[in-house]
Amino acid sequence: MFTVEQIELAHSKIKSGAEFPKYIQEIKQMGVRAFETWVADSHTKYFGENDFQTKSKPKYSELNIALLSNKDQFVEYLKMHQKGE
């Protein structure tokens with residue numbers, strides 16, 4: 001199966017949002033079938049075949065998540081993130 005370290009090494013190669021599909025293909029080849037990332041602390045749970053699971057450690061202390069959001073601002077920030085900003 002795969003390890004979090006292997007996935008993080010593949011992720012470290014990404015320099016822009018345009019490279020994200022290549023990263024996804026690389027982790028699929030490792031055996032990753034799905035993953036979920038928690039916004040609150042940025043830990044990720046990875047799923048493989050035969051009920052295999054592993055998860056990363058949190059990247060930061062837990063954030064408070066707003067009950068309401070601004071969709072337009074979110075889309076703007078997402079586009080900035082995808083450009084590497």
# chains A, B, ... in the order shown; residues from 1 in each chain; ligands from 1
>>> residues_around(residues="Ala34 (chain A)", least_positions_apart="3", cutoff="9 Å", atoms="only C-alpha atoms", output="number ranges by chain")
A: 28, 45-48
>>> write_last_selection(atoms="N, CA and C atoms", output="compact mmCIF listing (two decimals), in the first residue's frame")
# COMPACT_ATOMS: atom_id res chain seq x y z
N LYS A 28 -2.98 8.12 -7.39
CA LYS A 28 -3.84 7.02 -7.83
C LYS A 28 -2.99 5.80 -8.17
N LYS A 45 -7.34 12.17 5.46
CA LYS A 45 -7.49 10.72 5.56
C LYS A 45 -7.49 10.17 4.14
N TYR A 46 -6.66 9.14 3.90
CA TYR A 46 -6.52 8.52 2.59
C TYR A 46 -7.09 7.11 2.63
N PHE A 47 -7.75 6.71 1.55
CA PHE A 47 -8.39 5.41 1.46
C PHE A 47 -7.82 4.63 0.29
N GLY A 48 -7.54 3.35 0.53
CA GLY A 48 -7.06 2.46 -0.52
C GLY A 48 -7.95 1.23 -0.63
>>> residues_around(residues="Glu5 (chain A)", least_positions_apart="4", cutoff="9 Å", atoms="only C-alpha atoms", output="PyMOL selection string")
chain A and resi 9-10+56
>>> write_last_selection(atoms="all heavy atoms", output="compact mmCIF listing (two decimals), in the first residue's frame")
# COMPACT_ATOMS: atom_id res chain seq x y z
N LEU A 9 5.47 13.48 -0.51
CA LEU A 9 6.56 13.70 -1.48
C LEU A 9 5.97 14.04 -2.85
O LEU A 9 6.44 14.99 -3.50
CB LEU A 9 7.44 12.45 -1.58
CG LEU A 9 8.58 12.53 -2.59
CD1 LEU A 9 9.55 13.66 -2.23
CD2 LEU A 9 9.31 11.20 -2.67
N ALA A 10 4.95 13.34 -3.27
CA ALA A 10 4.29 13.65 -4.54
C ALA A 10 3.69 15.05 -4.50
O ALA A 10 3.80 15.81 -5.46
CB ALA A 10 3.21 12.61 -4.85
N SER A 56 -2.85 11.78 7.66
CA SER A 56 -1.74 12.68 7.97
C SER A 56 -1.99 13.36 9.30
O SER A 56 -3.10 13.36 9.82
CB SER A 56 -1.59 13.74 6.87
OG SER A 56 -2.71 14.60 6.87
>>> closest_residue(among="A:Met30, A:Ala40, A:Leu67, A:Leu78", to="Met1 (chain A)", atoms="only C-alpha atoms")
A:Met30
>>> select_by_dssp(residues="chain A", states="alpha helix (DSSP H)", output="tab-separated table (two decimals) with C-alpha atoms, in the first residue's frame")
chain	number	residue	atom	x	y	z
A	4	VAL	CA	1.55	9.45	3.99
A	5	GLU	CA	5.23	10.17	3.36
A	6	GLN	CA	4.94	8.95	-0.26
A	7	ILE	CA	1.86	11.11	-0.80
A	8	GLU	CA	3.51	14.17	0.76
A	9	LEU	CA	6.56	13.70	-1.48
A	10	ALA	CA	4.29	13.65	-4.54
A	11	HIS	CA	2.46	16.73	-3.23
A	12	SER	CA	5.74	18.60	-2.72
A	20	PHE	CA	-2.68	19.24	-9.43
A	21	PRO	CA	-4.11	16.70	-11.95
A	22	LYS	CA	-0.63	15.20	-12.36
A	23	TYR	CA	-0.39	14.82	-8.57
A	24	ILE	CA	-3.78	13.10	-8.45
A	25	GLN	CA	-2.70	10.64	-11.14
A	26	GLU	CA	0.52	9.92	-9.23
A	27	ILE	CA	-1.26	9.12	-5.96
A	28	LYS	CA	-3.84	7.02	-7.83
A	29	GLN	CA	-0.96	4.93	-9.17
A	30	MET	CA	0.17	4.43	-5.55
A	71	LYS	CA	-19.35	32.33	-1.86
A	72	ASP	CA	-17.95	35.05	-4.14
A	73	GLN	CA	-15.00	35.70	-1.84
A	74	PHE	CA	-14.38	31.96	-1.49
A	75	VAL	CA	-14.28	31.52	-5.27
A	76	GLU	CA	-11.87	34.45	-5.56
A	77	TYR	CA	-9.55	33.00	-2.91
A	78	LEU	CA	-9.75	29.53	-4.46
A	79	LYS	CA	-8.68	30.90	-7.84
A	80	MET	CA	-5.78	32.74	-6.17
A	81	HIS	CA	-4.74	29.51	-4.42
A	82	GLN	CA	-4.87	27.57	-7.69
>>> atom_distance(atom1="CA of Thr44 (chain A)", atom2="CA of Glu19 (chain A)")
19.4 Å
>>> select_by_dssp(residues="chain A", states="strand (DSSP E or B)", output="PyMOL selection string")
chain A and resi 34-37+44-47+53-55
>>> closest_residue(among="A:Lys83, A:Thr3, A:Val39, A:Lys13", to="Glu62 (chain A)", atoms="only C-alpha atoms")
A:Val39
>>> atom_distance(atom1="CA of Pro58 (chain A)", atom2="CA of Gly17 (chain A)")
21.8 Å
>>> closest_residue(among="A:Asn70, A:Ser16, A:Thr37, A:Thr54", to="Phe2 (chain A)", atoms="only C-alpha atoms")
A:Thr54
